[in-house]
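A.B. asks: I have a structure I would like to understand better, so I am pasting it below and will then ask my questions one at a time.
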Amino acid sequence: MSFVSPIKAALGRTAFITGGGQGIGRAIATRLARDGYDISIADLPSAKERVAEVVKEIEGYGRKAISVEANVKEPKQIYNAIEETVERLGPNLFVSVANAGVTQVKPLLECEPEFIENEVRINILGLMNTHIAAARQMVKQGNGGRIIGAGSIASYRTAENLGPYGGTKFAVRGFTEAAAKEWAQYGIRVNAYAPGIVDTPMWDHIDRELARIENISVGDAKAIRVKRDIKLGRIQEPEDVAKLVAFLVSDEGEYITGQTIKTCGGASL
Ligand SMILES: NC(=O)c1ccc[n+]([C@@H]2O[C@H](COP(=O)([O-])OP(=O)(O)OC[C@H]3O[C@@H](n4cnc5c(N)ncnc54)[C@H](O)[C@@H]3O)[C@@H](O)[C@H]2O)c1
């Protein structure tokens, strides 16, 4: 990664990010903090220590940061997390990023209902509830806002052994459009990022599972796909996704809404 963004002055605005304890969510949280946002990170209780590290990093940039526990499978926990964010950081919620997501790797014929339900509840129901909870607060504040969701190149083209994941990510595209249409009148823009193969713990998990299914060595599933699919010749860093988010929430992105934007180094071509 070559570019490190500068630390900018405080904006007096808050960004709320689910799943900000590691990977893409962490990169978005730290990038938006460097751009001047105070940050609220909602993650699972099991991520508490990792979130504490992110909070510490953000405080080092001179911004406020808080950790609010929430499992996005539980709508009430999402609403409580938004409420706690506003109580602790003030009624300045301007950005919400529904980033939390999971992927499970299995051939469709082996997928049990509980397995599918888990992915649907986190990846799409969690995103819908996070978007709506955040939008309600933004409408109440009356100053507009920016809502971002986690799509994927799987929002455009699914892959074998990732069927339920692809289904949820296609749905992200649909919901992004619907929310953008309804909330433009409130000055709220809604978009999603669609990354390719990002170097995070999620892809380490996918790699291990694909290695088992394809009977190859751990590390090879990722290496083969990076070499074969990514035209820009390197794996994607979480910070690459954060750059797109920083652009979308900024005034530079003022005419963009309802889009699920690929950032994948050409992997989808
Ligand atoms: N890594 C990739 O290549 C890639 C590609 C395309 C899209 N995405 C999407 O980007 C998002 C982030 O991916 P990542 O690679 O950083 O994942 P990751 O697994 O590395 O991190 C996910 C974070 O979300 C949290 N989380 C998981 N379930 C949660 C829940 N129920 N409630 C609250 N928090 C929860 C985890 O604790 C963790 O901090 C996901 O939605 C993923 O589908 C990732």
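By order in the structure tokens, chains are A, B, ...; within a chain, residues start at 1; ligands start at 1, following the order shown.
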Return as a ChimeraX atom specification the full set of residues in range 1-206 of chain A whose backbone-based DSSP assignment is helix (DSSP H, G or I).
C.D. replies: /A:23-34,45-60,75-89,108-110,113-141,153-155,163-186,201-206
A.B. asks: List every residue of range 50-83 of chain A that DSSP, applied to the backbone of this structure, assigns to strand (DSSP E), and report them as a list in words.
C.D. replies: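 Residues of range 50-83 of chain A classed as strand (DSSP E): Ala65, Ile66, Ser67, Val68 and Glu69 of chain A.
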A.B. asks: In Å, rounded to a single decimal, give me how far atom 35 (C, counted along the ligand's line) of ligand 1 is from CA of Gly196 in chain A.
C.D. replies: 19.5 Å
A.B. asks: Taking only residues of chain A that have an atom at most 7 Å from an atom of ligand 1, what is each one's shortest atom pair and its distance in Å to one decimal, using only C-alpha atoms and all ligand atoms, in chain and number order, as JSON lines?
C.D. replies:
{"residue": "A:Thr18", "atom": "CA", "partner": "ligand 1", "partner_atom_place_in_ligand_line": "34 (N)", "distance": 5.7}
{"residue": "A:Gly19", "atom": "CA", "partner": "ligand 1", "partner_atom_place_in_ligand_line": "24 (O)", "distance": 3.3}
{"residue": "A:Gly20", "atom": "CA", "partner": "ligand 1", "partner_atom_place_in_ligand_line": "39 (O)", "distance": 5.4}
{"residue": "A:Gly21", "atom": "CA", "partner": "ligand 1", "partner_atom_place_in_ligand_line": "39 (O)", "distance": 4.0}
{"residue": "A:Gln22", "atom": "CA", "partner": "ligand 1", "partner_atom_place_in_ligand_line": "39 (O)", "distance": 4.6}
{"residue": "A:Gly23", "atom": "CA", "partner": "ligand 1", "partner_atom_place_in_ligand_line": "16 (O)", "distance": 3.5}
{"residue": "A:Ile24", "atom": "CA", "partner": "ligand 1", "partner_atom_place_in_ligand_line": "16 (O)", "distance": 3.8}
{"residue": "A:Gly25", "atom": "CA", "partner": "ligand 1", "partner_atom_place_in_ligand_line": "16 (O)", "distance": 5.6}
{"residue": "A:Ala42", "atom": "CA", "partner": "ligand 1", "partner_atom_place_in_ligand_line": "33 (C)", "distance": 6.4}
{"residue": "A:Asp43", "atom": "CA", "partner": "ligand 1", "partner_atom_place_in_ligand_line": "34 (N)", "distance": 4.1}
{"residue": "A:Leu44", "atom": "CA", "partner": "ligand 1", "partner_atom_place_in_ligand_line": "33 (C)", "distance": 4.8}
{"residue": "A:Ser46", "atom": "CA", "partner": "ligand 1", "partner_atom_place_in_ligand_line": "37 (O)", "distance": 6.9}
{"residue": "A:Ala47", "atom": "CA", "partner": "ligand 1", "partner_atom_place_in_ligand_line": "37 (O)", "distance": 5.2}
{"residue": "A:Ala70", "atom": "CA", "partner": "ligand 1", "partner_atom_place_in_ligand_line": "33 (C)", "distance": 5.6}
{"residue": "A:Asn71", "atom": "CA", "partner": "ligand 1", "partner_atom_place_in_ligand_line": "32 (N)", "distance": 3.5}
{"residue": "A:Val72", "atom": "CA", "partner": "ligand 1", "partner_atom_place_in_ligand_line": "32 (N)", "distance": 4.0}
{"residue": "A:Lys73", "atom": "CA", "partner": "ligand 1", "partner_atom_place_in_ligand_line": "31 (N)", "distance": 5.2}
{"residue": "A:Asn99", "atom": "CA", "partner": "ligand 1", "partner_atom_place_in_ligand_line": "41 (O)", "distance": 4.8}
{"residue": "A:Ala100", "atom": "CA", "partner": "ligand 1", "partner_atom_place_in_ligand_line": "24 (O)", "distance": 4.0}
{"residue": "A:Gly101", "atom": "CA", "partner": "ligand 1", "partner_atom_place_in_ligand_line": "41 (O)", "distance": 3.4}
{"residue": "A:Val102", "atom": "CA", "partner": "ligand 1", "partner_atom_place_in_ligand_line": "43 (O)", "distance": 5.6}
{"residue": "A:Thr103", "atom": "CA", "partner": "ligand 1", "partner_atom_place_in_ligand_line": "43 (O)", "distance": 6.4}
{"residue": "A:Ile122", "atom": "CA", "partner": "ligand 1", "partner_atom_place_in_ligand_line": "31 (N)", "distance": 5.3}
{"residue": "A:Asn123", "atom": "CA", "partner": "ligand 1", "partner_atom_place_in_ligand_line": "41 (O)", "distance": 6.3}
{"residue": "A:Ala150", "atom": "CA", "partner": "ligand 1", "partner_atom_place_in_ligand_line": "41 (O)", "distance": 4.7}
{"residue": "A:Gly151", "atom": "CA", "partner": "ligand 1", "partner_atom_place_in_ligand_line": "7 (C)", "distance": 5.6}
{"residue": "A:Ser152", "atom": "CA", "partner": "ligand 1", "partner_atom_place_in_ligand_line": "6 (C)", "distance": 3.9}
{"residue": "A:Ile153", "atom": "CA", "partner": "ligand 1", "partner_atom_place_in_ligand_line": "6 (C)", "distance": 6.3}
{"residue": "A:Ala194", "atom": "CA", "partner": "ligand 1", "partner_atom_place_in_ligand_line": "6 (C)", "distance": 5.8}
{"residue": "A:Pro195", "atom": "CA", "partner": "ligand 1", "partner_atom_place_in_ligand_line": "6 (C)", "distance": 4.3}
{"residue": "A:Gly196", "atom": "CA", "partner": "ligand 1", "partner_atom_place_in_ligand_line": "5 (C)", "distance": 4.9}
{"residue": "A:Ile197", "atom": "CA", "partner": "ligand 1", "partner_atom_place_in_ligand_line": "3 (O)", "distance": 3.8}
{"residue": "A:Val198", "atom": "CA", "partner": "ligand 1", "partner_atom_place_in_ligand_line": "3 (O)", "distance": 3.5}
{"residue": "A:Asp199", "atom": "CA", "partner": "ligand 1", "partner_atom_place_in_ligand_line": "1 (N)", "distance": 6.0}
{"residue": "A:Thr200", "atom": "CA", "partner": "ligand 1", "partner_atom_place_in_ligand_line": "20 (O)", "distance": 4.7}
{"residue": "A:Pro201", "atom": "CA", "partner": "ligand 1", "partner_atom_place_in_ligand_line": "20 (O)", "distance": 4.1}
{"residue": "A:Met202", "atom": "CA", "partner": "ligand 1", "partner_atom_place_in_ligand_line": "19 (O)", "distance": 3.9}
{"residue": "A:Trp203", "atom": "CA", "partner": "ligand 1", "partner_atom_place_in_ligand_line": "1 (N)", "distance": 5.1}
A.B. asks: Create the file for the chosen residues now, containing C-alpha atoms and written as a compact mmCIF listing (two decimals), in the first residue's frame.
C.D. replies:
# COMPACT_ATOMS: atom_id res chain seq x y z
CA THR A 18 -20.53 -2.40 11.98
CA GLY A 19 -17.84 -5.08 12.06
CA GLY A 20 -15.12 -2.46 12.49
CA GLY A 21 -12.87 -4.64 14.63
CA GLN A 22 -10.83 -6.05 11.74
CA GLY A 23 -10.42 -6.25 7.99
CA ILE A 24 -12.36 -3.85 5.76
CA GLY A 25 -14.40 -2.39 8.64
CA ALA A 42 -20.30 -1.89 16.57
CA ASP A 43 -18.95 -5.41 16.69
CA LEU A 44 -19.50 -8.72 18.48
CA SER A 46 -15.83 -11.64 20.90
CA ALA A 47 -14.17 -8.77 18.98
CA ALA A 70 -23.93 -5.38 18.75
CA ASN A 71 -24.74 -8.56 16.92
CA VAL A 72 -26.37 -7.40 13.68
CA LYS A 73 -28.44 -10.59 13.67
CA ASN A 99 -20.02 -3.61 6.87
CA ALA A 100 -20.48 -6.69 9.09
CA GLY A 101 -20.75 -9.85 7.05
CA VAL A 102 -19.87 -13.51 7.00
CA THR A 103 -19.16 -16.04 4.31
CA ILE A 122 -26.16 -11.16 9.06
CA ASN A 123 -25.43 -10.12 5.48
CA ALA A 150 -21.01 -4.07 2.01
CA GLY A 151 -21.65 -5.59 -1.37
CA SER A 152 -19.11 -7.71 -3.25
CA ILE A 153 -18.20 -8.70 -6.79
CA ALA A 194 -18.24 -4.28 -4.13
CA PRO A 195 -14.69 -5.53 -3.48
CA GLY A 196 -12.94 -8.50 -5.05
CA ILE A 197 -10.38 -10.54 -3.12
CA VAL A 198 -9.39 -8.50 -0.09
CA ASP A 199 -6.59 -9.59 2.21
CA THR A 200 -8.60 -10.04 5.45
CA PRO A 201 -9.35 -12.88 7.90
CA MET A 202 -12.51 -13.55 5.84
CA TRP A 203 -10.47 -14.53 2.79
A.B. asks: Using only C-alpha atoms, what does the table of range 24-51 of chain A residues within 7 Å of range 237-253 of chain A look like, with each row giving the shortest atom pair and its distance in Å to one decimal, sorted by chain and ascending number, as JSON lines?
C.D. replies:
{"residue": "A:Ile24", "atom": "CA", "partner": "A:Pro238", "partner_atom": "CA", "distance": 4.6}
{"residue": "A:Ala27", "atom": "CA", "partner": "A:Glu239", "partner_atom": "CA", "distance": 5.4}
{"residue": "A:Ile28", "atom": "CA", "partner": "A:Ala242", "partner_atom": "CA", "distance": 4.6}
{"residue": "A:Arg31", "atom": "CA", "partner": "A:Ala242", "partner_atom": "CA", "distance": 6.4}
{"residue": "A:Leu32", "atom": "CA", "partner": "A:Ala246", "partner_atom": "CA", "distance": 6.5}
A.B. asks: Skip Tyr79 in chain A itself and residues of its chain fewer than 5 positions away, then list as a list in words all residues within 12 Å of it, counting only C-alpha atoms.
C.D. replies: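 Here the qualifying residues turn out to be Phe16, Ala42, Val68, Glu69, Ala70, Asn71, Val72, Lys73, Glu74, Glu84, Thr85, Val86, Gly126, Met128, Asn129, Thr130, His131, Ile132, Ala133, Ala134, Ala135, Arg136 and Gln137 of chain A.
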A.B. asks: Go ahead and dump the residues you just picked, N, CA and C atoms, as a PDB file, in the first residue's frame.
C.D. replies:
ATOM      1  N   PHE A  16     -20.676   5.639  11.973  1.00  0.00           N
ATOM      2  CA  PHE A  16     -21.000   4.387  12.672  1.00  0.00           C
ATOM      3  C   PHE A  16     -20.651   3.231  11.734  1.00  0.00           C
ATOM      4  N   ALA A  42     -19.414  -0.857  16.021  1.00  0.00           N
ATOM      5  CA  ALA A  42     -20.295  -1.892  16.567  1.00  0.00           C
ATOM      6  C   ALA A  42     -19.779  -3.246  16.100  1.00  0.00           C
ATOM      7  N   VAL A  68     -19.264  -0.049  20.685  1.00  0.00           N
ATOM      8  CA  VAL A  68     -20.609  -0.417  21.145  1.00  0.00           C
ATOM      9  C   VAL A  68     -20.884  -1.851  20.689  1.00  0.00           C
ATOM     10  N   GLU A  69     -21.173  -2.722  21.633  1.00  0.00           N
ATOM     11  CA  GLU A  69     -21.366  -4.119  21.234  1.00  0.00           C
ATOM     12  C   GLU A  69     -22.705  -4.307  20.527  1.00  0.00           C
ATOM     13  N   ALA A  70     -22.668  -5.044  19.422  1.00  0.00           N
ATOM     14  CA  ALA A  70     -23.932  -5.377  18.753  1.00  0.00           C
ATOM     15  C   ALA A  70     -23.726  -6.570  17.837  1.00  0.00           C
ATOM     16  N   ASN A  71     -24.681  -7.479  17.901  1.00  0.00           N
ATOM     17  CA  ASN A  71     -24.738  -8.557  16.920  1.00  0.00           C
ATOM     18  C   ASN A  71     -25.806  -8.143  15.912  1.00  0.00           C
ATOM     19  N   VAL A  72     -25.410  -7.931  14.657  1.00  0.00           N
ATOM     20  CA  VAL A  72     -26.371  -7.403  13.681  1.00  0.00           C
ATOM     21  C   VAL A  72     -27.465  -8.406  13.314  1.00  0.00           C
ATOM     22  N   LYS A  73     -27.346  -9.629  13.842  1.00  0.00           N
ATOM     23  CA  LYS A  73     -28.442 -10.591  13.667  1.00  0.00           C
ATOM     24  C   LYS A  73     -29.659 -10.189  14.492  1.00  0.00           C
ATOM     25  N   GLU A  74     -29.431  -9.351  15.501  1.00  0.00           N
ATOM     26  CA  GLU A  74     -30.502  -8.970  16.432  1.00  0.00           C
ATOM     27  C   GLU A  74     -30.866  -7.505  16.204  1.00  0.00           C
ATOM     28  N   GLU A  84     -26.936   4.388  21.587  1.00  0.00           N
ATOM     29  CA  GLU A  84     -25.758   4.615  22.444  1.00  0.00           C
ATOM     30  C   GLU A  84     -24.745   5.539  21.751  1.00  0.00           C
ATOM     31  N   THR A  85     -24.606   5.371  20.443  1.00  0.00           N
ATOM     32  CA  THR A  85     -23.683   6.217  19.667  1.00  0.00           C
ATOM     33  C   THR A  85     -24.073   7.686  19.794  1.00  0.00           C
ATOM     34  N   VAL A  86     -25.367   7.941  19.650  1.00  0.00           N
ATOM     35  CA  VAL A  86     -25.853   9.330  19.708  1.00  0.00           C
ATOM     36  C   VAL A  86     -25.741   9.883  21.135  1.00  0.00           C
ATOM     37  N   GLY A 126     -29.258  -7.911   8.501  1.00  0.00           N
ATOM     38  CA  GLY A 126     -28.452  -7.021   9.348  1.00  0.00           C
ATOM     39  C   GLY A 126     -28.194  -5.703   8.646  1.00  0.00           C
ATOM     40  N   MET A 128     -30.037  -4.345   6.170  1.00  0.00           N
ATOM     41  CA  MET A 128     -31.290  -3.578   6.044  1.00  0.00           C
ATOM     42  C   MET A 128     -31.616  -2.879   7.358  1.00  0.00           C
ATOM     43  N   ASN A 129     -31.521  -3.617   8.461  1.00  0.00           N
ATOM     44  CA  ASN A 129     -31.869  -3.025   9.758  1.00  0.00           C
ATOM     45  C   ASN A 129     -30.891  -1.925  10.154  1.00  0.00           C
ATOM     46  N   THR A 130     -29.616  -2.100   9.834  1.00  0.00           N
ATOM     47  CA  THR A 130     -28.623  -1.065  10.140  1.00  0.00           C
ATOM     48  C   THR A 130     -28.919   0.196   9.329  1.00  0.00           C
ATOM     49  N   HIS A 131     -29.213   0.016   8.043  1.00  0.00           N
ATOM     50  CA  HIS A 131     -29.522   1.176   7.189  1.00  0.00           C
ATOM     51  C   HIS A 131     -30.745   1.932   7.738  1.00  0.00           C
ATOM     52  N   ILE A 132     -31.789   1.187   8.082  1.00  0.00           N
ATOM     53  CA  ILE A 132     -33.036   1.853   8.504  1.00  0.00           C
ATOM     54  C   ILE A 132     -32.846   2.535   9.859  1.00  0.00           C
ATOM     55  N   ALA A 133     -32.160   1.853  10.780  1.00  0.00           N
ATOM     56  CA  ALA A 133     -31.927   2.459  12.106  1.00  0.00           C
ATOM     57  C   ALA A 133     -31.136   3.759  11.955  1.00  0.00           C
ATOM     58  N   ALA A 134     -30.114   3.737  11.092  1.00  0.00           N
ATOM     59  CA  ALA A 134     -29.283   4.934  10.887  1.00  0.00           C
ATOM     60  C   ALA A 134     -30.091   6.027  10.191  1.00  0.00           C
ATOM     61  N   ALA A 135     -30.864   5.649   9.187  1.00  0.00           N
ATOM     62  CA  ALA A 135     -31.640   6.650   8.431  1.00  0.00           C
ATOM     63  C   ALA A 135     -32.664   7.325   9.337  1.00  0.00           C
ATOM     64  N   ARG A 136     -33.282   6.569  10.229  1.00  0.00           N
ATOM     65  CA  ARG A 136     -34.262   7.188  11.151  1.00  0.00           C
ATOM     66  C   ARG A 136     -33.590   8.288  11.971  1.00  0.00           C
ATOM     67  N   GLN A 137     -32.393   8.000  12.451  1.00  0.00           N
ATOM     68  CA  GLN A 137     -31.662   8.997  13.236  1.00  0.00           C
ATOM     69  C   GLN A 137     -31.281  10.191  12.364  1.00  0.00           C
TER      70      GLN A 137
END
A.B. asks: Counting only C-alpha atoms, give me one row per residue of range 54-114 of chain A with an atom at most 12 Å from an atom of range 206-214 of chain A, showing the shortest contact pair and its distance in Å to one decimal, sorted by chain then residue number, as a tab-separated table.
C.D. replies:
residue	atom	partner	partner_atom	distance
A:Val102	CA	A:Ile206	CA	10.3
A:Thr103	CA	A:Ile206	CA	7.5
A:Gln104	CA	A:Ile206	CA	7.4
A:Val105	CA	A:Glu209	CA	6.1
A:Lys106	CA	A:Glu209	CA	8.1
A:Pro107	CA	A:Ile213	CA	8.9
A:Glu110	CA	A:Ile213	CA	11.9
A.B. asks: To one decimal place, how far is CA of Arg157 in chain A from CA of Arg26 in chain A in Å?
C.D. replies: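 CA of Arg26 in chain A lies at a distance of 25.8 Å from CA of Arg157 in chain A.
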A.B. asks: Just how far from CA of Thr30 in chain A is CA of Val172 in chain A, in Å to one decimal?
C.D. replies: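 Rounded to one decimal, the two atoms are 23.9 Å apart.
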A.B. asks: Counting only C-alpha atoms, which of A:Ala9, A:Val54, A:Ala15, A:Ala98 gets nearest to Asp35 in chain A?
C.D. replies: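 For Asp35 in chain A, the nearest of the candidates is A:Ala9.
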A.B. asks: For the interface of range 92-157 of chain A with range 181-185 of chain A (cut-off 10 Å, counting only C-alpha atoms), please tabulate each contacting residue of range 92-157 of chain A alongside its nearest pair of atoms and their separation in Å to one decimal, rows sorted by chain and increasing number, as a Markdown table.
C.D. replies:
| residue | atom | partner | partner_atom | distance |
| --- | --- | --- | --- | --- |
| A:Ala135 | CA | A:Trp183 | CA | 7.9 |
| A:Val139 | CA | A:Trp183 | CA | 8.8 |
| A:Gly144 | CA | A:Ala184 | CA | 8.8 |
| A:Gly145 | CA | A:Trp183 | CA | 9.5 |
| A:Ile147 | CA | A:Trp183 | CA | 10.0 |
A.B. asks: Those residues you just picked out, can you put them in a file as a compact mmCIF listing (two decimals), in the first residue's frame with N, CA and C atoms?
C.D. replies:
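Saved as part-v9.txt:
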# COMPACT_ATOMS: atom_id res chain seq x y z
N ALA A 135 -30.86 5.65 9.19
CA ALA A 135 -31.64 6.65 8.43
C ALA A 135 -32.66 7.32 9.34
N VAL A 139 -32.76 11.30 9.65
CA VAL A 139 -33.97 12.08 9.31
C VAL A 139 -34.35 12.94 10.51
N GLY A 144 -29.30 15.44 6.62
CA GLY A 144 -28.88 14.48 5.59
C GLY A 144 -27.92 13.44 6.14
N GLY A 145 -27.29 12.71 5.24
CA GLY A 145 -26.36 11.68 5.69
C GLY A 145 -25.87 10.83 4.54
N ILE A 147 -25.13 6.69 3.65
CA ILE A 147 -25.29 5.30 4.10
C ILE A 147 -24.58 4.39 3.10
A.B. asks: Could you check which of A:Leu108, A:Pro113, A:Pro6, A:Pro164 is closest to Tyr61 in chain A, using only C-alpha atoms?
C.D. replies: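 Closest to Tyr61 in chain A, using only C-alpha atoms: A:Pro6.
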A.B. asks: Hey, what's within 10 Å of Gly233 in chain A if we count only C-alpha atoms and toss same-chain stuff fewer than 5 positions away? As a ChimeraX atom specification, please?
C.D. replies: /A:226-228,265-267
A.B. asks: Just checking: using only C-alpha atoms, which residue out of A:Asn143, A:Asn80, A:Ser155, A:Ser217 ends up closest to Gln259 in chain A?
C.D. replies: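 Closest to Gln259 in chain A of all the choices is A:Ser155.
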A.B. asks: With distances taken over only C-alpha atoms, which of A:Ala192, A:Ala179, A:Ala10, A:Leu162 is nearest to Leu109 in chain A?
C.D. replies: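 Of all the options, A:Leu162 lies closest to Leu109 in chain A.
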A.B. asks: Would you mind telling me which residue in A:Ile58, A:Met138, A:Ile7, A:Leu127 lies nearest to Glu83 in chain A when using only C-alpha atoms?
C.D. replies: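 For Glu83 in chain A, the nearest of the given residues is A:Met138.
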